[in-house]
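For reference, model.cif (mmCIF, C-alpha atoms):
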data_upload
loop_
_atom_site.label_atom_id
_atom_site.label_comp_id
_atom_site.auth_asym_id
_atom_site.auth_seq_id
_atom_site.Cartn_x
_atom_site.Cartn_y
_atom_site.Cartn_z
CA MET E 416 19.72 -1.32 33.52
CA THR E 417 21.84 -4.50 33.56
CA GLY E 418 24.07 -5.56 30.69
CA SER E 419 21.73 -8.44 29.80
CA ALA E 420 18.71 -6.13 29.83
CA GLN E 421 20.54 -3.74 27.56
CA SER E 422 21.38 -6.53 25.12
CA VAL E 423 17.77 -7.70 25.04
CA ASP E 424 16.60 -4.15 24.46
CA LEU E 425 19.06 -3.68 21.59
CA LEU E 426 18.02 -7.00 20.07
CA LEU E 427 14.55 -5.73 19.20
CA SER E 428 15.51 -2.13 18.46
CA ARG E 429 18.14 -3.08 15.87
CA VAL E 430 15.74 -4.94 13.55
CA ALA E 431 13.42 -3.26 11.07
CA PHE E 432 9.68 -3.80 11.44
CA SER E 433 7.63 -4.27 8.28
CA VAL E 434 4.12 -5.44 7.36
CA LEU E 435 2.65 -8.28 5.33
CA GLU E 436 -0.90 -7.34 4.29
CA ARG E 437 -3.02 -10.22 2.99
CA GLY E 438 -6.32 -8.42 2.56
CA GLY E 439 -8.31 -10.75 4.81
CA HIS E 440 -11.90 -9.84 5.56
CA LEU E 441 -15.12 -11.16 7.03
CA GLY E 442 -17.95 -12.51 4.93
CA GLY E 443 -20.32 -9.77 3.87
CA THR E 444 -17.59 -7.16 3.55
CA THR E 445 -17.88 -5.37 0.23
CA ALA E 446 -14.98 -5.57 -2.20
CA GLU E 447 -14.63 -1.81 -2.05
CA GLN E 448 -14.28 -1.85 1.75
CA ALA E 449 -11.89 -4.80 1.71
CA VAL E 450 -9.54 -3.03 -0.72
CA GLN E 451 -9.81 0.22 1.24
CA ASP E 452 -8.80 -1.72 4.35
CA VAL E 453 -5.59 -2.76 2.57
CA VAL E 454 -4.84 0.90 1.85
CA ASP E 455 -5.63 1.93 5.43
CA VAL E 456 -3.26 -0.71 6.78
CA ALA E 457 -0.46 0.56 4.52
CA ARG E 458 -0.98 4.16 5.58
CA THR E 459 -1.05 3.15 9.24
CA ALA E 460 2.20 1.25 8.74
CA GLU E 461 3.86 4.34 7.32
CA ALA E 462 2.52 6.57 10.09
CA HIS E 463 3.99 4.27 12.74
CA GLY E 464 7.45 3.89 11.29
CA TYR E 465 7.33 0.51 9.57
CA HIS E 466 10.03 0.02 6.95
CA ARG E 467 8.01 -1.65 4.18
CA VAL E 468 4.56 -3.01 3.46
CA TRP E 469 3.97 -5.98 1.17
CA VAL E 470 0.73 -7.21 -0.36
CA ALA E 471 0.03 -10.85 -1.16
CA GLU E 472 -1.09 -12.67 -4.29
CA HIS E 473 -4.12 -14.81 -3.40
CA HIS E 474 -6.42 -16.19 -6.09
CA ALA E 475 -10.02 -17.42 -5.91
CA ALA E 476 -9.92 -16.72 -2.17
CA GLY E 477 -13.26 -15.30 -1.10
CA LYS E 478 -11.78 -14.04 2.15
CA SER E 479 -8.89 -12.09 0.62
CA ALA E 480 -8.92 -8.84 -1.36
CA SER E 481 -5.31 -9.12 -2.48
CA SER E 482 -5.06 -10.87 -5.85
CA VAL E 483 -3.12 -8.42 -8.08
CA PRO E 484 -0.07 -7.07 -6.21
CA ALA E 485 1.15 -4.71 -8.94
CA VAL E 486 -2.15 -2.80 -9.01
CA LEU E 487 -2.34 -2.51 -5.22
CA ILE E 488 1.32 -1.48 -5.02
CA ALA E 489 0.78 1.32 -7.54
CA HIS E 490 -2.18 2.67 -5.58
CA ILE E 491 -0.58 2.35 -2.15
CA ALA E 492 2.69 3.92 -3.27
CA ALA E 493 0.76 6.88 -4.70
CA LEU E 494 -1.02 7.42 -1.37
CA THR E 495 2.09 7.14 0.81
CA GLU E 496 5.36 9.04 0.83
CA ARG E 497 8.25 7.15 2.41
CA ILE E 498 7.44 3.52 3.15
CA ARG E 499 8.73 0.87 0.75
CA VAL E 500 5.89 -0.95 -1.02
CA GLY E 501 6.10 -4.38 -2.57
CA SER E 502 4.80 -7.87 -3.16
CA GLY E 503 4.69 -10.62 -0.61
CA GLY E 504 4.74 -11.95 -3.10
CA VAL E 505 4.28 -12.30 -6.81
CA MET E 506 3.87 -16.03 -7.48
CA LEU E 507 6.32 -16.09 -10.35
CA PRO E 508 5.26 -19.41 -11.97
CA ASN E 509 1.83 -17.81 -12.58
CA HIS E 510 3.31 -15.11 -14.84
CA PRO E 511 5.85 -14.62 -17.63
CA PRO E 512 8.98 -13.17 -15.95
CA PHE E 513 9.19 -10.54 -18.69
CA THR E 514 5.70 -9.28 -17.80
CA VAL E 515 6.59 -9.10 -14.11
CA ALA E 516 9.83 -7.27 -14.92
CA GLU E 517 7.94 -4.71 -17.04
CA GLN E 518 5.33 -4.16 -14.32
CA PHE E 519 7.86 -3.61 -11.57
CA ALA E 520 10.20 -1.52 -13.72
CA THR E 521 7.22 0.74 -14.34
CA LEU E 522 6.47 0.88 -10.63
CA GLU E 523 10.12 1.73 -9.96
CA ALA E 524 9.93 4.53 -12.53
CA LEU E 525 6.84 5.93 -10.81
CA HIS E 526 8.23 5.57 -7.27
CA PRO E 527 12.05 5.43 -7.45
CA GLY E 528 13.76 3.64 -4.58
CA ARG E 529 10.55 2.47 -2.92
CA ILE E 530 9.57 -0.72 -4.75
CA ASP E 531 10.15 -4.31 -3.61
CA LEU E 532 9.55 -7.44 -5.64
CA GLY E 533 9.11 -10.49 -3.44
CA VAL E 534 8.69 -13.68 -5.48
CA GLY E 535 7.43 -17.13 -4.54
CA ARG E 536 6.72 -20.42 -6.25
CA SER E 537 3.21 -21.44 -5.07
CA SER E 538 0.00 -20.80 -6.99
CA GLY E 539 -1.39 -18.44 -4.35
CA GLY E 540 -4.55 -20.52 -4.05
CA SER E 541 -6.04 -23.01 -1.62
CA THR E 542 -5.64 -26.77 -1.98
CA GLN E 543 -9.32 -27.03 -2.86
CA GLY E 544 -9.78 -26.38 -6.59
CA HIS E 545 -6.01 -26.23 -7.07
CA ARG E 546 -6.01 -27.84 -10.52
CA LEU E 547 -8.82 -25.61 -11.74
CA LEU E 548 -6.93 -22.51 -10.60
CA GLU E 549 -3.75 -23.66 -12.31
CA ALA E 550 -5.71 -24.16 -15.53
CA ALA E 551 -7.27 -20.69 -15.27
CA LEU E 552 -3.82 -19.16 -14.73
CA ARG E 553 -2.42 -21.17 -17.67
CA ARG E 554 0.17 -22.42 -15.19
CA ALA E 555 2.33 -25.19 -16.63
CA PRO E 556 2.49 -28.54 -14.79
CA ASP E 557 6.24 -28.10 -14.23
CA ALA E 558 5.93 -24.44 -13.17
CA SER E 559 7.22 -24.91 -9.62
CA ALA E 560 10.20 -26.94 -10.82
CA ARG E 561 11.11 -24.13 -13.23
CA PHE E 562 11.04 -21.45 -10.51
CA PRO E 563 14.87 -21.06 -10.37
CA GLU E 564 15.01 -20.58 -14.14
CA GLN E 565 12.22 -18.00 -13.95
CA VAL E 566 14.05 -16.10 -11.20
CA ASP E 567 17.15 -16.00 -13.39
CA GLU E 568 15.11 -14.64 -16.30
CA LEU E 569 13.55 -12.01 -14.06
CA LEU E 570 16.92 -10.89 -12.68
CA GLY E 571 18.36 -10.86 -16.18
CA PHE E 572 15.64 -8.51 -17.42
CA LEU E 573 15.84 -6.20 -14.41
CA HIS E 574 19.64 -6.00 -14.29
CA HIS E 575 20.21 -6.21 -18.05
CA ARG E 576 22.39 -9.26 -17.62
CA GLY E 577 23.02 -11.97 -20.18
CA PRO E 578 23.40 -14.26 -21.87
CA GLU E 579 24.37 -16.44 -18.94
CA ARG E 580 21.34 -15.48 -16.88
CA HIS E 581 18.48 -16.05 -19.32
CA ARG E 582 17.72 -16.89 -22.91
CA PHE E 583 15.90 -13.65 -23.70
CA HIS E 584 18.86 -11.36 -23.05
CA ALA E 585 18.44 -9.62 -26.41
CA LEU E 586 15.05 -8.19 -25.36
CA PRO E 587 15.36 -4.70 -23.87
CA LEU E 588 13.28 -3.98 -20.80
CA THR E 589 11.22 -0.81 -20.89
CA PRO E 590 11.15 1.43 -19.07
CA HIS E 591 14.90 1.19 -18.50
CA THR E 592 15.17 2.74 -15.04
CA ALA E 593 18.31 3.90 -13.27
CA GLY E 594 17.43 1.80 -10.23
CA VAL E 595 15.71 -1.57 -9.96
CA PRO E 596 13.14 -3.02 -7.55
CA GLU E 597 14.64 -4.83 -4.59
CA VAL E 598 14.11 -8.55 -5.30
CA HIS E 599 13.46 -10.98 -2.42
CA VAL E 600 12.85 -14.73 -2.49
CA LEU E 601 9.94 -15.88 -0.35
CA GLY E 602 9.65 -19.35 1.10
CA ALA E 603 9.52 -21.62 4.11
CA GLY E 604 11.70 -24.51 2.95
CA GLU E 605 15.27 -25.29 2.02
CA ASN E 606 14.80 -25.13 -1.75
CA SER E 607 13.74 -21.48 -1.62
CA ALA E 608 16.48 -20.71 0.91
CA ARG E 609 19.11 -22.30 -1.34
CA LEU E 610 17.87 -20.34 -4.36
CA ALA E 611 18.04 -17.04 -2.47
CA ALA E 612 21.51 -17.90 -1.20
CA GLU E 613 22.89 -18.89 -4.60
CA ARG E 614 21.55 -15.73 -6.24
CA GLY E 615 22.76 -13.45 -3.43
CA LEU E 616 19.23 -12.26 -2.65
CA PRO E 617 17.41 -11.45 0.59
CA PHE E 618 15.32 -14.34 1.94
CA ALA E 619 11.86 -13.82 3.45
CA TYR E 620 11.23 -16.84 5.68
CA GLY E 621 7.52 -17.66 6.05
CA HIS E 622 7.29 -18.31 9.78
CA HIS E 623 3.64 -17.19 9.53
CA LEU E 624 2.79 -20.33 7.54
CA SER E 625 1.65 -23.55 9.16
CA ARG E 626 4.20 -25.72 10.96
CA THR E 627 3.53 -28.49 8.43
CA VAL E 628 5.03 -26.19 5.76
CA ARG E 629 7.74 -24.18 7.46
CA ARG E 630 11.23 -25.62 7.91
CA PRO E 631 13.41 -23.63 10.34
CA SER E 632 16.48 -25.42 8.92
CA ALA E 633 16.01 -23.28 5.81
CA VAL E 634 17.44 -20.28 7.65
CA ALA E 635 20.71 -22.03 8.44
CA ARG E 636 20.99 -23.27 4.86
CA TYR E 637 20.45 -19.73 3.57
CA ARG E 638 23.33 -18.39 5.62
CA SER E 639 25.71 -21.29 5.03
CA GLU E 640 25.26 -21.30 1.24
CA PHE E 641 24.99 -17.55 0.61
CA ARG E 642 27.06 -16.17 -2.24
CA ALA E 643 27.51 -12.44 -2.59
CA GLY E 644 25.83 -11.02 -5.68
CA PRO E 645 27.46 -8.73 -8.28
CA ASP E 646 26.82 -5.75 -6.01
CA GLY E 647 28.54 -7.33 -3.02
CA THR E 648 25.34 -8.21 -1.22
CA ARG E 649 25.32 -9.89 2.17
CA PRO E 650 22.74 -12.28 3.66
CA ARG E 651 19.57 -10.51 4.73
CA LEU E 652 16.83 -12.42 6.51
CA LEU E 653 13.24 -11.28 6.88
CA VAL E 654 11.02 -13.37 9.16
CA SER E 655 7.24 -13.06 8.87
CA VAL E 656 5.11 -13.63 11.96
CA GLN E 657 1.40 -13.45 12.69
CA VAL E 658 0.50 -11.06 15.50
CA VAL E 659 -2.53 -9.91 17.47
CA CYS E 660 -1.72 -7.03 19.80
CA ALA E 661 -4.32 -5.43 22.08
CA GLU E 662 -4.44 -3.35 25.23
CA THR E 663 -4.37 -6.40 27.53
CA ASP E 664 -3.21 -9.99 27.25
CA GLU E 665 -6.74 -11.21 27.91
CA LEU E 666 -8.27 -9.11 25.15
CA ALA E 667 -5.58 -10.12 22.68
CA GLU E 668 -6.18 -13.80 23.42
CA SER E 669 -9.93 -13.37 22.98
CA LEU E 670 -9.44 -11.59 19.64
CA ALA E 671 -6.91 -14.16 18.43
CA LEU E 672 -9.22 -17.04 19.33
CA ARG E 673 -12.11 -15.36 17.53
CA THR E 674 -10.06 -14.98 14.35
CA ALA E 675 -8.72 -18.53 14.62
CA ALA E 676 -12.24 -19.94 15.00
CA TYR E 677 -13.31 -18.07 11.88
CA VAL E 678 -10.26 -19.28 9.95
CA VAL E 679 -10.92 -22.90 10.97
CA ALA E 680 -14.61 -22.65 10.04
CA HIS E 681 -13.75 -21.34 6.56
CA SER E 682 -10.74 -23.53 5.81
CA ASP E 683 -10.54 -26.50 3.45
CA LEU E 684 -10.46 -28.76 6.51
CA ALA E 685 -13.49 -27.27 8.27
CA PRO E 686 -15.31 -29.86 10.42
CA ASP E 687 -18.66 -31.12 9.19
CA GLY E 688 -21.65 -30.13 11.27
CA PRO E 689 -22.00 -27.82 14.28
CA LEU E 690 -19.39 -27.76 17.03
CA SER E 691 -19.75 -27.36 20.75
CA SER E 692 -18.25 -24.22 22.25
CA ALA E 693 -15.54 -26.28 23.92
CA ARG E 694 -14.60 -28.05 20.68
CA GLU E 695 -14.59 -24.77 18.76
CA GLU E 696 -12.23 -23.20 21.29
CA SER E 697 -9.99 -26.27 21.24
CA LEU E 698 -9.66 -26.12 17.45
CA ALA E 699 -9.03 -22.38 17.61
CA ARG E 700 -6.21 -22.87 20.11
CA GLU E 701 -4.71 -25.57 17.92
CA ALA E 702 -4.79 -23.13 15.00
CA LEU E 703 -2.98 -20.45 17.01
CA GLU E 704 -0.26 -22.98 17.77
CA GLU E 705 -0.17 -24.31 14.21
CA TYR E 706 0.45 -20.83 12.82
CA ALA E 707 2.64 -19.65 15.73
CA VAL E 708 0.45 -16.60 16.32
CA VAL E 709 2.03 -14.13 18.73
CA HIS E 710 -0.69 -12.47 20.81
CA GLY E 711 -0.83 -10.25 23.86
CA ALA E 712 -0.43 -6.73 25.15
CA PRO E 713 2.65 -4.81 23.94
CA ALA E 714 4.91 -6.17 26.69
CA ARG E 715 4.15 -9.80 25.89
CA VAL E 716 4.34 -9.24 22.15
CA ALA E 717 7.71 -7.52 22.55
CA ALA E 718 9.06 -10.45 24.57
CA GLU E 719 7.91 -13.02 22.01
CA LEU E 720 9.23 -11.02 19.08
CA GLU E 721 12.59 -10.70 20.83
CA SER E 722 12.69 -14.47 21.18
CA LEU E 723 11.95 -14.86 17.49
CA VAL E 724 14.73 -12.45 16.53
CA ALA E 725 17.15 -14.30 18.79
CA GLU E 726 16.09 -17.72 17.43
CA PHE E 727 16.59 -16.84 13.78
CA GLY E 728 19.01 -13.93 13.92
CA ALA E 729 16.50 -11.95 11.86
CA ASP E 730 17.48 -8.66 10.28
CA GLU E 731 13.83 -7.71 9.86
CA LEU E 732 10.46 -8.79 11.23
CA MET E 733 7.48 -8.71 8.90
CA ILE E 734 4.33 -8.40 10.98
CA ALA E 735 1.28 -10.16 9.51
CA PRO E 736 -1.70 -8.96 11.57
CA PHE E 737 -3.88 -11.97 12.39
CA GLU E 738 -7.06 -9.92 12.05
CA LEU E 739 -10.07 -9.84 9.73
CA THR E 740 -10.93 -6.14 9.58
CA GLY E 741 -8.83 -3.19 8.55
CA ALA E 742 -9.49 -1.41 11.84
CA ALA E 743 -8.28 -4.42 13.83
CA ARG E 744 -5.15 -4.81 11.72
CA CYS E 745 -4.37 -1.12 12.18
CA ARG E 746 -4.77 -1.50 15.95
CA THR E 747 -2.35 -4.41 16.01
CA LEU E 748 0.18 -2.43 13.97
CA ARG E 749 -0.08 0.64 16.23
CA LEU E 750 0.38 -1.38 19.42
CA THR E 751 3.11 -3.60 17.96
CA ALA E 752 5.05 -0.47 17.01
CA ALA E 753 4.59 0.71 20.61
CA ALA E 754 5.92 -2.66 21.83
CA ARG E 755 9.40 -1.70 20.68
CA ARG E 756 9.39 1.09 23.27
CA VAL E 757 8.42 -1.15 26.19
CA ARG E 758 11.28 -1.42 28.68
CA PRO E 759 12.87 -4.88 29.10
CA ALA E 760 11.90 -5.03 32.78
CA GLU E 761 8.24 -4.56 31.86
CA ARG E 762 8.48 -7.29 29.24
CA THR E 763 9.92 -9.75 31.75
CA ALA E 764 7.34 -8.93 34.37
CA ARG E 765 4.32 -9.28 32.05
CA SER E 766 5.35 -12.08 29.75
#

Could you take the file, read its structure, and then write that structure out as structure tokens?
Amino acid sequence: MTGSAQSVDLLLSRVAFSVLERGGHLGGTTAEQAVQDVVDVARTAEAHGYHRVWVAEHHAAGKSASSVPAVLIAHIAALTERIRVGSGGVMLPNHPPFTVAEQFATLEALHPGRIDLGVGRSSGGSTQGHRLLEAALRRAPDASARFPEQVDELLGFLHHRGPERHRFHALPLTPHTAGVPEVHVLGAGENSARLAAERGLPFAYGHHLSRTVRRPSAVARYRSEFRAGPDGTRPRLLVSVQVVCAETDELAESLALRTAAYVVAHSDLAPDGPLSSAREESLAREALEEYAVVHGAPARVAAELESLVAEFGADELMIAPFELTGAARCRTLRLTAAARRVRPAERTARS
């Protein structure tokens, strides 16, 4: 093996692999099956050596079964043994920080050393009906602007800091656990990156989001402005990426296109009226590019993930299976885990 091949091989093997589970499902799937799929994905992730699994907060989304992260985390953590379990994420402006701190302190007490608390600033809903959702959540009009303040309150409760960190420092958090959940800031832009950097927190960069939202410059800002926290933390970058992995490149492309066509048809921007097969495929391919979906057999997936790690200098990759059934997401996770064991020469030959 050449020196360059060795370096490429080490590039992928040195990063942790984790999972972002969004609870997506096809129309007609029962709620019970959709939630069970989330659990199956988490257990598959643990069985195949993934470091952590996060569940999303999506509201009023008919095609997602993941609306209450704390409840899903409690159930998943009880049915697994080693894997870290957390939120990807809790949309903090939707909730009082004190409530979130109590929930996750309780989870930490139940499952010490295994709980993550990823926080974001969006509503967790689609653009359609956005104002109605915000009203239902009792979300204040300035909620997003107050996100940094809410993060400070949350950290103050969890770490028993004050009064400089938040105005409620006199309130004791119960249960008062020896350890605390690992807090991450989620985002795809420079504001979230700056917040994570200034608070000395890990940053989960949303590369799985659309290219109209994600800003790669956020990663450089995170590193350049990072300040070590009270515990001497260093910058830690998680990069999320959508993946479809199958036995062959051709099958993976077919599956990815099928999912993309379904996503387009059920999006806020779905075309009016029936589409020709050619137009449907064209829109599906555009969606795969828009969301930077990695797809292929293990060799191709490994090569593309290596490129992503090299591009961002990621410490961890968070795989978001671009699939609409639990069985399909589990397949992608199994084969993506196997991709790490593909030799560099095979990756070069097949990619």

As a PyMOL selection string, please: the residues near Tyr465 in chain E (cut-off 8 Å, all atoms listed in the file, same-chain neighbours under 6 positions excluded). chain E and resi 431-434+498+752

Taking C-alpha atoms for each residue, export the selection above as a PDB file, in the coordinates of the input.
ATOM      1  CA  ALA E 431      13.420  -3.260  11.070  1.00  0.00           C
ATOM      2  CA  PHE E 432       9.680  -3.800  11.440  1.00  0.00           C
ATOM      3  CA  SER E 433       7.630  -4.270   8.280  1.00  0.00           C
ATOM      4  CA  VAL E 434       4.120  -5.440   7.360  1.00  0.00           C
ATOM      5  CA  ILE E 498       7.440   3.520   3.150  1.00  0.00           C
ATOM      6  CA  ALA E 752       5.050  -0.470  17.010  1.00  0.00           C
TER       7      ALA E 752
END

Top pick for closest residue to Leu569 in chain E, considering E:Phe513, E:Phe519, E:Phe583, E:Phe618 and counting all atoms listed in the file: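 Checking each candidate against Leu569 in chain E, we get E:Phe513 as the closest.
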
Residues matched by the PyMOL selection byres ((chain E and resi 712-717) around 12) as number ranges by chain: E: 423-424, 426-428, 432, 656-671, 708-711, 718-724, 732, 734, 746-766

Explicit residues for the PyMOL selection byres ((chain E and resi 699) around 9) (as a PyMOL selection string): chain E and resi 671-679+694-698+700-704

Carefully work through the PyMOL selection byres ((chain E and resi 642-654) around 6) for this structure and note down the residues it includes, as an NGL selection string. :E and (612-613 or 615 or 617-620 or 641 or 655 or 729-733)

d(CA of Val483 in chain E, CA of Val470 in chain E) in Å: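 Atom-to-atom, CA of Val483 in chain E to CA of Val470 in chain E, that is 8.7 Å.
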
Would you list the residues near (10.6, -12.9, -14.7) (no more than 7 Å away, in the coordinates of the file, using all atoms listed in the file) as a tab-separated table (two decimals) with C-alpha atoms, in the coordinates of the input?
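Result file follows (out-v4.tsv):
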chain	number	residue	atom	x	y	z
E	507	LEU	CA	6.32	-16.09	-10.35
E	511	PRO	CA	5.85	-14.62	-17.63
E	512	PRO	CA	8.98	-13.17	-15.95
E	513	PHE	CA	9.19	-10.54	-18.69
E	514	THR	CA	5.70	-9.28	-17.80
E	515	VAL	CA	6.59	-9.10	-14.11
E	516	ALA	CA	9.83	-7.27	-14.92
E	565	GLN	CA	12.22	-18.00	-13.95
E	566	VAL	CA	14.05	-16.10	-11.20
E	568	GLU	CA	15.11	-14.64	-16.30
E	569	LEU	CA	13.55	-12.01	-14.06
E	570	LEU	CA	16.92	-10.89	-12.68

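For the choices E:Glu564, E:Asp557, E:Asp531, E:Asp687, the atom-to-atom distance to Val595 in chain E is smallest for E:Asp531 when using all atoms listed in the file.
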
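For the pair CA of Asp567 in chain E and CA of Trp469 in chain E, the interatomic distance is 22.0 Å.
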
Determine the nearest neighbour of Ala593 in chain E from the options E:Ser482, E:Gln448, E:Thr740, E:Thr521, counting only C-alpha atoms.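 With only C-alpha atoms as the atom set, the closest residue is E:Thr521.
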
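Proximity of E:Leu525, E:Ala680, E:Ala471, E:Val505 to Val600 in chain E, computed with only C-alpha atoms, is greatest for E:Val505.
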
Shell around Ala603 in chain E at 8 Å using only C-alpha atoms, local window under 2 positions removed, as an MDAnalysis selection string: chainID E and resid 601 605 607:608 620:622 624 628:631 633

Could you take the residues named above and write them with C-alpha atoms, as a CSV table (one decimal), keeping the file's coordinate frame?
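Here's the written file again.csv:
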chain,number,residue,atom,x,y,z
E,601,LEU,CA,9.9,-15.9,-0.4
E,605,GLU,CA,15.3,-25.3,2.0
E,607,SER,CA,13.7,-21.5,-1.6
E,608,ALA,CA,16.5,-20.7,0.9
E,620,TYR,CA,11.2,-16.8,5.7
E,621,GLY,CA,7.5,-17.7,6.0
E,622,HIS,CA,7.3,-18.3,9.8
E,624,LEU,CA,2.8,-20.3,7.5
E,628,VAL,CA,5.0,-26.2,5.8
E,629,ARG,CA,7.7,-24.2,7.5
E,630,ARG,CA,11.2,-25.6,7.9
E,631,PRO,CA,13.4,-23.6,10.3
E,633,ALA,CA,16.0,-23.3,5.8

Between CA of His599 in chain E and CA of Val456 in chain E, what is the distance, to one decimal in Å? 21.7 Å

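Using all atoms listed in the file, the smallest distance between any of E:Pro563, E:Pro508, E:Pro484, E:Gly464 and Gly438 in chain E comes from E:Pro484.
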
Hey, which of E:Ala524, E:His510, E:Pro736, E:Val534 ends up closest to Ala551 in chain E? Count all atoms listed in the file.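 Of E:Ala524, E:His510, E:Pro736, E:Val534, the one nearest Ala551 in chain E is E:His510, counting all atoms listed in the file.
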
Kindly add all heavy atoms to the incomplete range 554-560 of chain E and provide the output as a PDB file, keeping the file's coordinate frame.
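Written output follows (out-v3.pdb):
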ATOM      1  N   ARG E 554      -1.059 -22.053 -15.885  1.00  0.00           N
ATOM      2  CA  ARG E 554       0.170 -22.420 -15.190  1.00  0.00           C
ATOM      3  C   ARG E 554       0.603 -23.814 -15.648  1.00  0.00           C
ATOM      4  O   ARG E 554      -0.152 -24.785 -15.550  1.00  0.00           O
ATOM      5  CB  ARG E 554      -0.067 -22.387 -13.684  1.00  0.00           C
ATOM      6  CG  ARG E 554       1.152 -22.679 -12.818  1.00  0.00           C
ATOM      7  CD  ARG E 554       0.755 -22.564 -11.351  1.00  0.00           C
ATOM      8  NE  ARG E 554       1.740 -23.154 -10.475  1.00  0.00           N
ATOM      9  CZ  ARG E 554       2.454 -22.493  -9.583  1.00  0.00           C
ATOM     10  NH1 ARG E 554       2.290 -21.193  -9.472  1.00  0.00           N
ATOM     11  NH2 ARG E 554       3.310 -23.108  -8.799  1.00  0.00           N
ATOM     12  N   ALA E 555       1.820 -23.923 -16.109  1.00  0.00           N
ATOM     13  CA  ALA E 555       2.330 -25.190 -16.630  1.00  0.00           C
ATOM     14  C   ALA E 555       2.501 -26.206 -15.505  1.00  0.00           C
ATOM     15  O   ALA E 555       2.770 -25.845 -14.354  1.00  0.00           O
ATOM     16  CB  ALA E 555       3.660 -24.965 -17.333  1.00  0.00           C
ATOM     17  N   PRO E 556       2.348 -27.503 -15.826  1.00  0.00           N
ATOM     18  CA  PRO E 556       2.490 -28.540 -14.790  1.00  0.00           C
ATOM     19  C   PRO E 556       3.851 -28.520 -14.098  1.00  0.00           C
ATOM     20  O   PRO E 556       3.957 -28.879 -12.924  1.00  0.00           O
ATOM     21  CB  PRO E 556       2.293 -29.845 -15.576  1.00  0.00           C
ATOM     22  CG  PRO E 556       1.493 -29.456 -16.772  1.00  0.00           C
ATOM     23  CD  PRO E 556       1.953 -28.071 -17.126  1.00  0.00           C
ATOM     24  N   ASP E 557       4.898 -28.117 -14.819  1.00  0.00           N
ATOM     25  CA  ASP E 557       6.240 -28.100 -14.230  1.00  0.00           C
ATOM     26  C   ASP E 557       6.638 -26.708 -13.738  1.00  0.00           C
ATOM     27  O   ASP E 557       7.822 -26.418 -13.559  1.00  0.00           O
ATOM     28  CB  ASP E 557       7.266 -28.591 -15.246  1.00  0.00           C
ATOM     29  CG  ASP E 557       7.388 -27.663 -16.464  1.00  0.00           C
ATOM     30  OD1 ASP E 557       6.471 -26.826 -16.668  1.00  0.00           O
ATOM     31  OD2 ASP E 557       8.388 -27.769 -17.192  1.00  0.00           O
ATOM     32  N   ALA E 558       5.634 -25.839 -13.503  1.00  0.00           N
ATOM     33  CA  ALA E 558       5.930 -24.440 -13.170  1.00  0.00           C
ATOM     34  C   ALA E 558       6.780 -24.303 -11.917  1.00  0.00           C
ATOM     35  O   ALA E 558       7.742 -23.530 -11.898  1.00  0.00           O
ATOM     36  CB  ALA E 558       4.618 -23.662 -13.004  1.00  0.00           C
ATOM     37  N   SER E 559       6.444 -25.037 -10.861  1.00  0.00           N
ATOM     38  CA  SER E 559       7.220 -24.910  -9.620  1.00  0.00           C
ATOM     39  C   SER E 559       8.658 -25.361  -9.814  1.00  0.00           C
ATOM     40  O   SER E 559       9.587 -24.754  -9.279  1.00  0.00           O
ATOM     41  CB  SER E 559       6.558 -25.724  -8.504  1.00  0.00           C
ATOM     42  OG  SER E 559       5.344 -25.134  -8.107  1.00  0.00           O
ATOM     43  N   ALA E 560       8.843 -26.427 -10.582  1.00  0.00           N
ATOM     44  CA  ALA E 560      10.200 -26.940 -10.820  1.00  0.00           C
ATOM     45  C   ALA E 560      11.045 -25.941 -11.599  1.00  0.00           C
ATOM     46  O   ALA E 560      12.276 -25.909 -11.468  1.00  0.00           O
ATOM     47  CB  ALA E 560      10.120 -28.266 -11.565  1.00  0.00           C
TER      48      ALA E 560
END
